[in-house]
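Just upload-v6.txt here, compact mmCIF, C-alpha atoms:
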# COMPACT_ATOMS: atom_id res chain seq x y z
CA MET A 79 18.59 -15.72 45.64
CA THR A 80 15.18 -15.63 47.21
CA LEU A 81 14.30 -14.80 50.75
CA GLY A 82 13.32 -18.36 51.60
CA ASP A 83 16.50 -19.84 50.20
CA THR A 84 19.22 -18.44 52.38
CA GLY A 85 20.10 -21.88 53.62
CA ASP A 86 19.74 -21.36 57.36
CA THR A 87 18.24 -24.23 59.28
CA PHE A 88 14.88 -24.38 61.01
CA ASP A 89 14.38 -25.49 64.57
CA GLU A 90 11.78 -28.09 65.50
CA ARG A 91 9.06 -25.54 66.25
CA GLU A 92 9.58 -23.77 62.92
CA ARG A 93 9.54 -27.01 61.01
CA SER A 94 6.30 -28.14 62.57
CA SER A 95 4.60 -24.76 61.97
CA ALA A 96 5.61 -24.87 58.32
CA LEU A 97 4.30 -28.42 57.93
CA GLU A 98 1.06 -27.45 59.61
CA TRP A 99 0.63 -24.45 57.26
CA LEU A 100 1.35 -26.71 54.31
CA SER A 101 -1.41 -29.12 55.29
CA ASN A 102 -3.94 -26.41 56.21
CA HIS A 103 -3.26 -23.79 53.55
CA GLY A 104 -1.34 -25.56 50.80
CA ASP A 105 -4.32 -25.94 48.48
CA ALA A 106 -5.56 -22.39 49.01
CA LEU A 107 -2.13 -20.92 48.34
CA PHE A 108 -1.62 -23.06 45.28
CA ALA A 109 -5.05 -22.12 43.88
CA TYR A 110 -4.20 -18.46 44.44
CA ALA A 111 -0.84 -18.82 42.69
CA VAL A 112 -2.05 -20.86 39.74
CA GLY A 113 -4.81 -18.32 39.13
CA ARG A 114 -2.14 -15.70 38.66
CA VAL A 115 0.85 -17.31 37.01
CA SER A 116 -0.74 -20.01 34.82
CA ASP A 117 2.31 -22.24 34.94
CA VAL A 118 1.73 -25.09 37.42
CA HIS A 119 5.42 -25.62 38.14
CA VAL A 120 6.06 -21.94 38.75
CA ALA A 121 3.01 -21.86 41.04
CA GLU A 122 4.35 -24.83 43.05
CA GLU A 123 7.72 -23.17 43.32
CA LEU A 124 6.17 -19.92 44.56
CA VAL A 125 4.10 -21.76 47.17
CA GLN A 126 7.22 -23.54 48.43
CA GLU A 127 9.14 -20.27 48.65
CA THR A 128 6.24 -18.73 50.51
CA PHE A 129 6.35 -21.37 53.27
CA LEU A 130 10.10 -21.08 53.62
CA ALA A 131 9.95 -17.27 53.72
CA ALA A 132 7.04 -17.41 56.17
CA VAL A 133 9.09 -19.36 58.71
CA ARG A 134 11.83 -16.76 58.53
CA SER A 135 9.46 -13.87 59.05
CA PHE A 136 7.19 -15.59 61.57
CA ASP A 137 8.28 -13.10 64.24
CA SER A 138 6.75 -10.30 62.20
CA PHE A 139 3.40 -12.08 62.17
CA ARG A 140 1.48 -10.48 64.99
CA GLY A 141 -1.71 -12.40 64.66
CA ASP A 142 -3.71 -9.30 63.75
CA SER A 143 -4.67 -11.06 60.54
CA ASP A 144 -5.30 -14.76 60.19
CA VAL A 145 -2.53 -17.09 59.08
CA ARG A 146 -3.90 -17.61 55.61
CA THR A 147 -4.21 -13.88 54.91
CA TRP A 148 -0.65 -13.44 56.12
CA LEU A 149 0.65 -16.31 53.95
CA ILE A 150 -1.23 -14.93 50.92
CA SER A 151 0.35 -11.52 51.43
CA ILE A 152 3.81 -13.14 51.31
CA LEU A 153 2.82 -15.13 48.25
CA ARG A 154 1.56 -11.95 46.57
CA TYR A 155 5.04 -10.43 46.86
CA LYS A 156 6.53 -13.59 45.43
CA ILE A 157 4.15 -13.35 42.48
CA LEU A 158 5.01 -9.70 41.88
CA ASP A 159 8.70 -10.69 41.92
CA HIS A 160 7.92 -13.38 39.41
CA TYR A 161 6.20 -10.83 37.14
CA ARG A 162 9.26 -8.60 37.36
CA ALA A 163 11.50 -11.51 36.44
CA ARG A 164 9.24 -12.20 33.46
CA ALA A 165 9.57 -8.58 32.35
CA LYS A 166 13.33 -8.79 32.69
CA ARG A 167 13.46 -11.96 30.66
CA ARG A 168 11.59 -10.23 27.89
CA GLU A 169 13.98 -7.34 28.23
CA MET A 170 11.25 -4.92 29.11
CA GLN A 171 12.53 -1.94 31.05
CA CYS A 172 10.82 -1.37 34.36
CA GLU A 173 9.31 2.08 34.36
CA GLN A 174 8.93 3.59 37.78
CA ASP A 175 6.93 6.60 36.76
CA THR A 176 6.03 7.18 33.15
CA SER A 177 4.79 10.69 32.56
CA MET A 178 1.31 11.08 31.13
CA ASP A 179 2.88 12.64 28.02
CA ALA A 180 3.94 9.15 27.01
CA TYR A 181 0.31 8.23 26.51
CA PHE A 182 -1.31 11.47 25.32
CA SER A 183 -0.48 13.93 22.59
CA LYS A 184 -0.22 17.68 23.16
CA HIS A 185 -3.91 17.98 22.30
CA GLY A 186 -4.87 15.34 24.84
CA HIS A 187 -5.43 12.49 22.37
CA LEU A 188 -4.55 8.97 23.39
CA LYS A 189 -1.61 7.72 21.34
CA ASN A 190 -0.73 4.35 19.85
CA VAL A 191 -3.88 2.32 20.00
CA SER A 192 -3.99 -0.11 17.14
CA SER A 193 -6.98 -2.05 15.99
CA TRP A 194 -7.88 -5.40 17.43
CA ARG A 195 -5.43 -8.13 16.66
CA GLY A 196 -7.85 -10.87 17.48
CA LYS A 197 -8.25 -12.94 20.57
CA PRO A 198 -5.79 -15.69 21.32
CA GLU A 199 -7.52 -18.83 20.15
CA THR A 200 -5.25 -21.77 20.68
CA GLU A 201 -3.93 -22.85 24.07
CA THR A 202 -0.40 -21.89 23.02
CA GLU A 203 -1.53 -18.42 22.03
CA ARG A 204 -3.41 -18.02 25.25
CA ALA A 205 -0.40 -19.08 27.30
CA GLU A 206 1.71 -16.59 25.37
CA PHE A 207 -0.83 -13.85 26.01
CA GLU A 208 -0.83 -14.59 29.74
CA SER A 209 2.93 -14.59 29.85
CA VAL A 210 3.04 -11.18 28.13
CA LEU A 211 0.34 -9.94 30.52
CA ASP A 212 2.39 -11.02 33.56
CA ALA A 213 5.51 -9.39 32.18
CA CYS A 214 3.60 -6.17 31.51
CA ILE A 215 2.42 -6.06 35.12
CA GLY A 216 6.02 -6.70 36.18
CA LYS A 217 7.15 -3.82 34.03
CA MET A 218 4.94 -1.30 35.86
CA GLY A 219 6.37 0.51 38.83
CA SER A 220 5.70 -1.44 42.03
CA ASN A 221 3.22 1.17 43.34
CA LEU A 222 1.06 0.69 40.29
CA ALA A 223 1.51 -3.06 40.09
CA THR A 224 0.61 -3.63 43.74
CA ALA A 225 -2.52 -1.47 43.51
CA PHE A 226 -3.54 -3.22 40.32
CA VAL A 227 -3.01 -6.74 41.66
CA LEU A 228 -4.78 -6.08 44.96
CA ARG A 229 -7.79 -4.45 43.38
CA THR A 230 -8.15 -6.19 40.05
CA MET A 231 -6.71 -9.64 40.48
CA ASP A 232 -7.52 -10.17 44.14
CA GLY A 233 -10.78 -8.28 43.88
CA LEU A 234 -10.34 -6.65 47.28
CA GLN A 235 -12.75 -3.83 48.12
CA THR A 236 -11.55 -0.33 47.29
CA GLU A 237 -11.57 0.63 51.00
CA THR A 238 -9.46 -2.42 51.89
CA VAL A 239 -6.90 -1.64 49.19
CA CYS A 240 -6.72 1.98 50.34
CA GLN A 241 -6.13 0.77 53.89
CA ILE A 242 -3.38 -1.67 52.91
CA LEU A 243 -1.60 0.92 50.76
CA ASN A 244 -2.46 3.78 53.10
CA ILE A 245 -3.74 6.02 50.29
CA SER A 246 -6.98 7.87 49.56
CA ALA A 247 -9.68 6.59 47.19
CA THR A 248 -8.80 9.34 44.71
CA ASN A 249 -5.16 8.38 44.85
CA LEU A 250 -6.07 4.74 44.20
CA SER A 251 -8.20 5.75 41.22
CA VAL A 252 -5.24 7.72 39.81
CA ARG A 253 -2.91 4.77 40.31
CA LEU A 254 -5.29 2.32 38.66
CA HIS A 255 -5.78 4.69 35.73
CA ARG A 256 -2.02 4.91 35.26
CA ALA A 257 -1.68 1.16 35.72
CA ARG A 258 -4.26 0.50 32.99
CA LEU A 259 -2.62 2.99 30.63
CA ALA A 260 0.75 1.36 31.22
CA LEU A 261 -0.62 -2.15 30.91
CA ARG A 262 -2.52 -1.49 27.71
CA GLU A 263 0.42 0.33 26.18
CA CYS A 264 2.72 -2.57 26.98
CA LEU A 265 0.25 -5.12 25.61
CA GLU A 266 -0.07 -2.96 22.53
CA ARG A 267 3.64 -3.23 21.94
CA HIS A 268 4.02 -6.88 22.80
CA TRP A 269 0.68 -8.33 21.86
CA PHE A 270 -2.19 -6.40 20.27
CA GLY A 271 -0.09 -4.44 17.81
CA ARG A 272 2.44 -7.09 17.04
CA ASP A 273 1.05 -8.09 13.66
CA ALA A 274 0.73 -4.49 12.58
CA GLU A 275 4.48 -3.96 12.64
CA MET B 144 -21.02 20.24 39.64
CA SER B 145 -21.84 23.54 37.96
CA TRP B 146 -23.81 23.53 34.70
CA PRO B 147 -21.03 25.00 32.55
CA ARG B 148 -18.59 22.35 33.85
CA ALA B 149 -21.08 19.56 33.27
CA ILE B 150 -21.74 20.75 29.73
CA LYS B 151 -18.02 21.02 29.03
CA MET B 152 -17.56 17.48 30.31
CA LEU B 153 -20.34 16.23 28.03
CA LEU B 154 -19.17 18.01 24.93
CA ALA B 155 -15.44 18.44 25.23
CA LEU B 156 -14.08 15.44 27.09
CA LYS B 157 -10.39 14.76 26.40
CA CYS B 158 -8.87 11.31 26.16
CA ASP B 159 -7.03 11.59 29.47
CA GLU B 160 -10.34 12.32 31.19
CA SER B 161 -12.20 9.71 29.21
CA THR B 162 -9.66 6.96 29.99
CA ARG B 163 -9.78 7.91 33.66
CA ILE B 164 -13.57 7.48 33.66
CA ILE B 165 -13.27 4.20 31.75
CA SER B 166 -10.77 3.02 34.36
CA ASP B 167 -13.10 4.10 37.19
CA GLY B 168 -15.87 2.19 35.45
CA PHE B 169 -14.04 -1.03 36.32
CA GLU B 170 -14.09 0.03 39.97
CA ARG B 171 -17.54 1.44 40.64
CA ASP B 172 -20.86 2.45 39.08
CA LEU B 173 -20.38 5.58 37.04
CA THR B 174 -22.66 8.60 37.39
CA SER B 175 -25.01 9.38 34.49
CA LEU B 176 -22.92 12.39 33.62
CA GLU B 177 -19.78 10.26 33.45
CA LYS B 178 -21.50 7.60 31.36
CA TRP B 179 -22.90 10.09 28.88
CA SER B 180 -19.66 12.03 28.63
CA VAL B 181 -17.81 8.90 27.63
CA ARG B 182 -20.58 7.77 25.26
CA LEU B 183 -20.51 11.11 23.46
CA HIS B 184 -16.70 11.08 23.41
CA PHE B 185 -16.78 7.60 21.85
CA ILE B 186 -18.73 8.90 18.86
CA SER B 187 -15.73 10.84 17.70
CA CYS B 188 -12.93 8.83 19.34
CA GLY B 189 -12.22 5.36 18.03
CA VAL B 190 -9.02 5.23 20.03
CA CYS B 191 -10.82 5.41 23.38
CA ARG B 192 -13.36 2.85 22.18
CA ARG B 193 -10.49 0.48 21.52
CA PHE B 194 -8.85 1.37 24.82
CA LYS B 195 -11.97 0.18 26.61
CA LYS B 196 -12.28 -2.92 24.48
CA HIS B 197 -8.67 -3.95 25.07
CA LEU B 198 -9.04 -3.48 28.83
CA GLN B 199 -12.29 -5.40 28.97
CA TYR B 200 -10.52 -8.26 27.31
CA VAL B 201 -7.61 -8.13 29.76
CA HIS B 202 -10.01 -8.13 32.71
CA GLN B 203 -11.93 -11.07 31.30
CA GLN B 204 -8.74 -13.06 30.89
CA MET B 205 -7.61 -12.31 34.42
CA GLU B 206 -10.98 -13.36 35.80
CA ARG B 207 -10.98 -16.53 33.77
CA ARG B 208 -7.55 -17.42 35.05
CA ALA B 209 -8.35 -16.57 38.66
CA GLN B 210 -11.19 -19.09 38.55
CA LEU B 211 -8.81 -21.98 38.05
CA THR B 212 -8.85 -23.91 41.30
CA THR B 213 -6.53 -26.84 41.03
CA PRO B 214 -5.48 -28.41 44.31
CA LEU B 215 -1.82 -28.90 45.05
CA SER B 216 -0.77 -32.26 43.63
CA PRO B 217 0.27 -34.93 46.17
CA GLU B 218 3.74 -35.03 44.57
CA ALA B 219 4.25 -31.30 44.96
CA ARG B 220 2.94 -31.42 48.51
CA GLU B 221 5.36 -34.22 49.29
CA ARG B 222 8.24 -32.31 47.70
CA ILE B 223 7.53 -29.15 49.66
CA ALA B 224 7.21 -31.11 52.91
CA ARG B 225 10.60 -32.68 52.20
CA ARG B 226 12.17 -29.27 51.58
CA ILE B 227 10.84 -28.06 54.92
CA GLN B 228 12.11 -31.14 56.74
CA GLU B 229 15.55 -30.78 55.20
CA ARG B 230 15.98 -27.45 56.94

Let me see the file written as structure tokens.
Amino acid sequence: MTLGDTGDTFDERERSSALEWLSNHGDALFAYAVGRVSDVHVAEELVQETFLAAVRSFDSFRGDSDVRTWLISILRYKILDHYRARAKRREMQCEQDTSMDAYFSKHGHLKNVSSWRGKPETETERAEFESVLDACIGKMGSNLATAFVLRTMDGLQTETVCQILNISATNLSVRLHRARLALRECLERHWFGRDAE
Amino acid sequence: MSWPRAIKMLLALKCDESTRIISDGFERDLTSLEKWSVRLHFISCGVCRRFKKHLQYVHQQMERRAQLTTPLSPEARERIARRIQER
């Protein structure tokens, strides 16, 4: 059950705020979602959940950011949840903190990097690639996934990401390194190296 | 950075260091020392070359996807509005 779907009713004020957000920010939120989950129906669903969840947490909105930024931050969590659900559906285990030994040999060599499988060419292949990609982000620990999404997908400035996550620039660089190792390793297993098996 | 450390970085970079620099390269401009260390490491390390290639591809795909800007369809907008009003 999702946050926005707990079935409690809205009062008149809440309903009218939600409708106003829908008309002012609906397109922006949908564009954000569809740029990250590919599937139009999933994106619509996530946008809907975002508005419903936003009404419930309106009290926590202090107006220190603008409404759209606030709505996007809720949507971002919904998208990360969606990635995790994708990972679960593919029966990928979520790894909170993989040790570096998983990626490097005793002598410091990077392990398990197969040769290029070829780019996805057809639309179906591309959709499959994107679905694997989403699941692989969902499989990362949430610290890594959040840093990766904020910096790489949302393209926020390094300083902004550090502020949001309350970490140093060095710490962010470490997280992104780990995120990329984890992501590539997962794609190796579920995409790049698949034909080599 | 001291000369001996810089020379060690140029000539004896390990994959964990090289992948960290490659990752940083997606974030910021690398220093000349970093760039050359990785270039020299690449000569003997096909695995790190592939690591970079795979990641470049992933980044390209994410950028391509993020550029999709479809507006919310009128039907979906209508449906969401109805869901809100039902509450």

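The residue set within 9 Å of Leu156 of chain B, counting all atoms listed in the file and dropping same-chain residues fewer than 5 places from it, reads Lys151, Ser161, Ser180, Val181, Leu183 and His184 of chain B.
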
Let me see the file: selected residues, C-alpha atoms, as an mmCIF file, in the frame of the given file.
data_model
loop_
_atom_site.group_PDB
_atom_site.id
_atom_site.type_symbol
_atom_site.label_atom_id
_atom_site.label_comp_id
_atom_site.auth_asym_id
_atom_site.auth_seq_id
_atom_site.Cartn_x
_atom_site.Cartn_y
_atom_site.Cartn_z
ATOM 1 C CA LYS B 151 -18.020 21.020 29.030
ATOM 2 C CA SER B 161 -12.200 9.710 29.210
ATOM 3 C CA SER B 180 -19.660 12.030 28.630
ATOM 4 C CA VAL B 181 -17.810 8.900 27.630
ATOM 5 C CA LEU B 183 -20.510 11.110 23.460
ATOM 6 C CA HIS B 184 -16.700 11.080 23.410
#

List every residue of chain A that has an atom at most 8 Å from any atom of chain B, giving for each one its closest atom pair and the distance in Å to one decimal, counting all atoms listed in the file, sorted by chain and then by ascending residue number, as JSON lines.
{"residue": "A:Gly85", "atom": "CA", "partner": "B:Arg230", "partner_atom": "CA", "distance": 7.7}
{"residue": "A:Asp86", "atom": "CA", "partner": "B:Arg230", "partner_atom": "CA", "distance": 7.2}
{"residue": "A:Thr87", "atom": "CA", "partner": "B:Arg230", "partner_atom": "CA", "distance": 4.6}
{"residue": "A:Phe88", "atom": "CA", "partner": "B:Arg230", "partner_atom": "CA", "distance": 5.2}
{"residue": "A:Arg93", "atom": "CA", "partner": "B:Ile227", "partner_atom": "CA", "distance": 6.3}
{"residue": "A:Ala96", "atom": "CA", "partner": "B:Ile227", "partner_atom": "CA", "distance": 7.0}
{"residue": "A:Leu97", "atom": "CA", "partner": "B:Ala224", "partner_atom": "CA", "distance": 6.4}
{"residue": "A:Leu100", "atom": "CA", "partner": "B:Ala224", "partner_atom": "CA", "distance": 7.5}
{"residue": "A:Gly104", "atom": "CA", "partner": "B:Leu215", "partner_atom": "CA", "distance": 6.7}
{"residue": "A:Asp105", "atom": "CA", "partner": "B:Pro214", "partner_atom": "CA", "distance": 5.0}
{"residue": "A:Ala106", "atom": "CA", "partner": "B:Pro214", "partner_atom": "CA", "distance": 7.6}
{"residue": "A:Phe108", "atom": "CA", "partner": "B:Leu215", "partner_atom": "CA", "distance": 5.8}
{"residue": "A:Ala109", "atom": "CA", "partner": "B:Thr212", "partner_atom": "CA", "distance": 4.9}
{"residue": "A:Tyr110", "atom": "CA", "partner": "B:Ala209", "partner_atom": "CA", "distance": 7.4}
{"residue": "A:Val112", "atom": "CA", "partner": "B:Leu211", "partner_atom": "CA", "distance": 7.1}
{"residue": "A:Gly113", "atom": "CA", "partner": "B:Ala209", "partner_atom": "CA", "distance": 4.0}
{"residue": "A:Arg114", "atom": "CA", "partner": "B:Ala209", "partner_atom": "CA", "distance": 6.3}
{"residue": "A:Ser116", "atom": "CA", "partner": "B:Arg208", "partner_atom": "CA", "distance": 7.3}
{"residue": "A:Glu122", "atom": "CA", "partner": "B:Ala219", "partner_atom": "CA", "distance": 6.7}
{"residue": "A:Gln126", "atom": "CA", "partner": "B:Ile223", "partner_atom": "CA", "distance": 5.8}
{"residue": "A:Leu130", "atom": "CA", "partner": "B:Ile227", "partner_atom": "CA", "distance": 7.1}
{"residue": "A:Phe182", "atom": "CA", "partner": "B:Asp159", "partner_atom": "CA", "distance": 7.1}
{"residue": "A:Gly186", "atom": "CA", "partner": "B:Lys157", "partner_atom": "CA", "distance": 5.8}
{"residue": "A:His187", "atom": "CA", "partner": "B:Cys158", "partner_atom": "CA", "distance": 5.3}
{"residue": "A:Leu188", "atom": "CA", "partner": "B:Cys158", "partner_atom": "CA", "distance": 5.6}
{"residue": "A:Lys189", "atom": "CA", "partner": "B:Val190", "partner_atom": "CA", "distance": 7.9}
{"residue": "A:Val191", "atom": "CA", "partner": "B:Val190", "partner_atom": "CA", "distance": 5.9}
{"residue": "A:Ser192", "atom": "CA", "partner": "B:Arg193", "partner_atom": "CA", "distance": 7.9}
{"residue": "A:Ser193", "atom": "CA", "partner": "B:Arg193", "partner_atom": "CA", "distance": 7.0}
{"residue": "A:Trp194", "atom": "CA", "partner": "B:Arg193", "partner_atom": "CA", "distance": 7.6}
{"residue": "A:Thr230", "atom": "CA", "partner": "B:His202", "partner_atom": "CA", "distance": 7.8}
{"residue": "A:Met231", "atom": "CA", "partner": "B:Met205", "partner_atom": "CA", "distance": 6.7}
{"residue": "A:Thr236", "atom": "CA", "partner": "B:Glu170", "partner_atom": "CA", "distance": 7.8}
{"residue": "A:Ser251", "atom": "CA", "partner": "B:Asp167", "partner_atom": "CA", "distance": 6.6}
{"residue": "A:Val252", "atom": "CA", "partner": "B:Arg163", "partner_atom": "CA", "distance": 7.6}
{"residue": "A:Leu254", "atom": "CA", "partner": "B:Ser166", "partner_atom": "CA", "distance": 7.0}
{"residue": "A:His255", "atom": "CA", "partner": "B:Ser166", "partner_atom": "CA", "distance": 5.4}
{"residue": "A:Arg258", "atom": "CA", "partner": "B:Ser166", "partner_atom": "CA", "distance": 7.1}
{"residue": "A:Arg262", "atom": "CA", "partner": "B:Leu198", "partner_atom": "CA", "distance": 6.9}

Selection: 12 Å around Gln241 of chain A, all atoms listed in the file, excl. self and same-chain fewer than 6 positions, as a compact mmCIF listing (two decimals) with C-alpha atoms, keeping the file's coordinate frame:
# COMPACT_ATOMS: atom_id res chain seq x y z
CA ALA A 225 -2.52 -1.47 43.51
CA LEU A 228 -4.78 -6.08 44.96
CA ARG A 229 -7.79 -4.45 43.38
CA LEU A 234 -10.34 -6.65 47.28
CA GLN A 235 -12.75 -3.83 48.12
CA ALA A 247 -9.68 6.59 47.19
CA ASN A 249 -5.16 8.38 44.85
CA LEU A 250 -6.07 4.74 44.20

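Between atom CA of Thr128 of chain A and atom CA of Ser151 of chain A lies a distance of 9.4 Å.
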
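Of the residues under consideration (A:Asp159, A:Glu266, A:Glu199, A:Asp212), A:Asp212 shows the shortest atom-to-atom contact distance to Asp117 of chain A when counting only C-alpha atoms.
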
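Note that the spacing between atom CA of Leu222 of chain A and atom CA of Ile245 of chain A amounts to 12.3 Å.
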
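Of the listed residues (A:Arg253, A:Glu263, A:Asp144, A:Glu92), A:Arg253 comes nearest to Ala223 of chain A; the distances count only C-alpha atoms.
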
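Taking atom CA of Glu203 of chain A and atom CA of Arg164 of chain A as the two end points, the separation is 16.9 Å.
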
Answer as a PyMOL selection string, residues within 7 Å of (3.1, -7.1, 30.6) using all atoms listed in the file: chain A and resi 165+210-217+261+264-265

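For the residues A:Val125, A:Ser220, A:Ala257, A:Lys197, ranking by smallest atom-to-atom distance to Arg162 of chain A using all atoms listed in the file places A:Ser220 first.
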
Restore N, CA, C and O atoms in segment 251-265 of chain A and list the result as a PDB file, keeping the file's coordinate frame.
ATOM      1  N   SER A 251      -7.625   5.635  42.557  1.00  0.00           N
ATOM      2  CA  SER A 251      -8.200   5.750  41.220  1.00  0.00           C
ATOM      3  C   SER A 251      -7.146   6.263  40.224  1.00  0.00           C
ATOM      4  O   SER A 251      -7.064   5.788  39.086  1.00  0.00           O
ATOM      5  N   VAL A 252      -6.318   7.213  40.663  1.00  0.00           N
ATOM      6  CA  VAL A 252      -5.240   7.720  39.810  1.00  0.00           C
ATOM      7  C   VAL A 252      -4.237   6.611  39.493  1.00  0.00           C
ATOM      8  O   VAL A 252      -3.827   6.412  38.346  1.00  0.00           O
ATOM      9  N   ARG A 253      -3.876   5.851  40.531  1.00  0.00           N
ATOM     10  CA  ARG A 253      -2.910   4.770  40.310  1.00  0.00           C
ATOM     11  C   ARG A 253      -3.441   3.712  39.356  1.00  0.00           C
ATOM     12  O   ARG A 253      -2.728   3.209  38.495  1.00  0.00           O
ATOM     13  N   LEU A 254      -4.723   3.365  39.526  1.00  0.00           N
ATOM     14  CA  LEU A 254      -5.290   2.320  38.660  1.00  0.00           C
ATOM     15  C   LEU A 254      -5.417   2.821  37.227  1.00  0.00           C
ATOM     16  O   LEU A 254      -5.220   2.060  36.283  1.00  0.00           O
ATOM     17  N   HIS A 255      -5.723   4.109  37.075  1.00  0.00           N
ATOM     18  CA  HIS A 255      -5.780   4.690  35.730  1.00  0.00           C
ATOM     19  C   HIS A 255      -4.402   4.580  35.070  1.00  0.00           C
ATOM     20  O   HIS A 255      -4.269   4.107  33.939  1.00  0.00           O
ATOM     21  N   ARG A 256      -3.386   4.973  35.795  1.00  0.00           N
ATOM     22  CA  ARG A 256      -2.020   4.910  35.260  1.00  0.00           C
ATOM     23  C   ARG A 256      -1.613   3.467  34.984  1.00  0.00           C
ATOM     24  O   ARG A 256      -0.958   3.169  33.988  1.00  0.00           O
ATOM     25  N   ALA A 257      -2.009   2.574  35.899  1.00  0.00           N
ATOM     26  CA  ALA A 257      -1.680   1.160  35.720  1.00  0.00           C
ATOM     27  C   ALA A 257      -2.318   0.636  34.431  1.00  0.00           C
ATOM     28  O   ALA A 257      -1.685  -0.074  33.647  1.00  0.00           O
ATOM     29  N   ARG A 258      -3.565   1.008  34.186  1.00  0.00           N
ATOM     30  CA  ARG A 258      -4.260   0.500  32.990  1.00  0.00           C
ATOM     31  C   ARG A 258      -3.666   1.110  31.723  1.00  0.00           C
ATOM     32  O   ARG A 258      -3.560   0.431  30.694  1.00  0.00           O
ATOM     33  N   LEU A 259      -3.278   2.378  31.799  1.00  0.00           N
ATOM     34  CA  LEU A 259      -2.620   2.990  30.630  1.00  0.00           C
ATOM     35  C   LEU A 259      -1.313   2.264  30.330  1.00  0.00           C
ATOM     36  O   LEU A 259      -1.016   1.924  29.182  1.00  0.00           O
ATOM     37  N   ALA A 260      -0.543   2.013  31.397  1.00  0.00           N
ATOM     38  CA  ALA A 260       0.750   1.360  31.220  1.00  0.00           C
ATOM     39  C   ALA A 260       0.581  -0.061  30.702  1.00  0.00           C
ATOM     40  O   ALA A 260       1.269  -0.497  29.774  1.00  0.00           O
ATOM     41  N   LEU A 261      -0.382  -0.767  31.288  1.00  0.00           N
ATOM     42  CA  LEU A 261      -0.620  -2.150  30.910  1.00  0.00           C
ATOM     43  C   LEU A 261      -1.061  -2.265  29.453  1.00  0.00           C
ATOM     44  O   LEU A 261      -0.548  -3.072  28.681  1.00  0.00           O
ATOM     45  N   ARG A 262      -2.016  -1.418  29.069  1.00  0.00           N
ATOM     46  CA  ARG A 262      -2.520  -1.490  27.710  1.00  0.00           C
ATOM     47  C   ARG A 262      -1.445  -1.102  26.706  1.00  0.00           C
ATOM     48  O   ARG A 262      -1.330  -1.699  25.643  1.00  0.00           O
ATOM     49  N   GLU A 263      -0.644  -0.109  27.079  1.00  0.00           N
ATOM     50  CA  GLU A 263       0.420   0.330  26.180  1.00  0.00           C
ATOM     51  C   GLU A 263       1.445  -0.787  25.973  1.00  0.00           C
ATOM     52  O   GLU A 263       1.917  -1.030  24.869  1.00  0.00           O
ATOM     53  N   CYS A 264       1.765  -1.477  27.049  1.00  0.00           N
ATOM     54  CA  CYS A 264       2.720  -2.570  26.980  1.00  0.00           C
ATOM     55  C   CYS A 264       2.162  -3.734  26.160  1.00  0.00           C
ATOM     56  O   CYS A 264       2.849  -4.319  25.324  1.00  0.00           O
ATOM     57  N   LEU A 265       0.886  -4.044  26.385  1.00  0.00           N
ATOM     58  CA  LEU A 265       0.250  -5.120  25.610  1.00  0.00           C
ATOM     59  C   LEU A 265       0.164  -4.743  24.140  1.00  0.00           C
ATOM     60  O   LEU A 265       0.269  -5.588  23.256  1.00  0.00           O
TER      61      LEU A 265
END
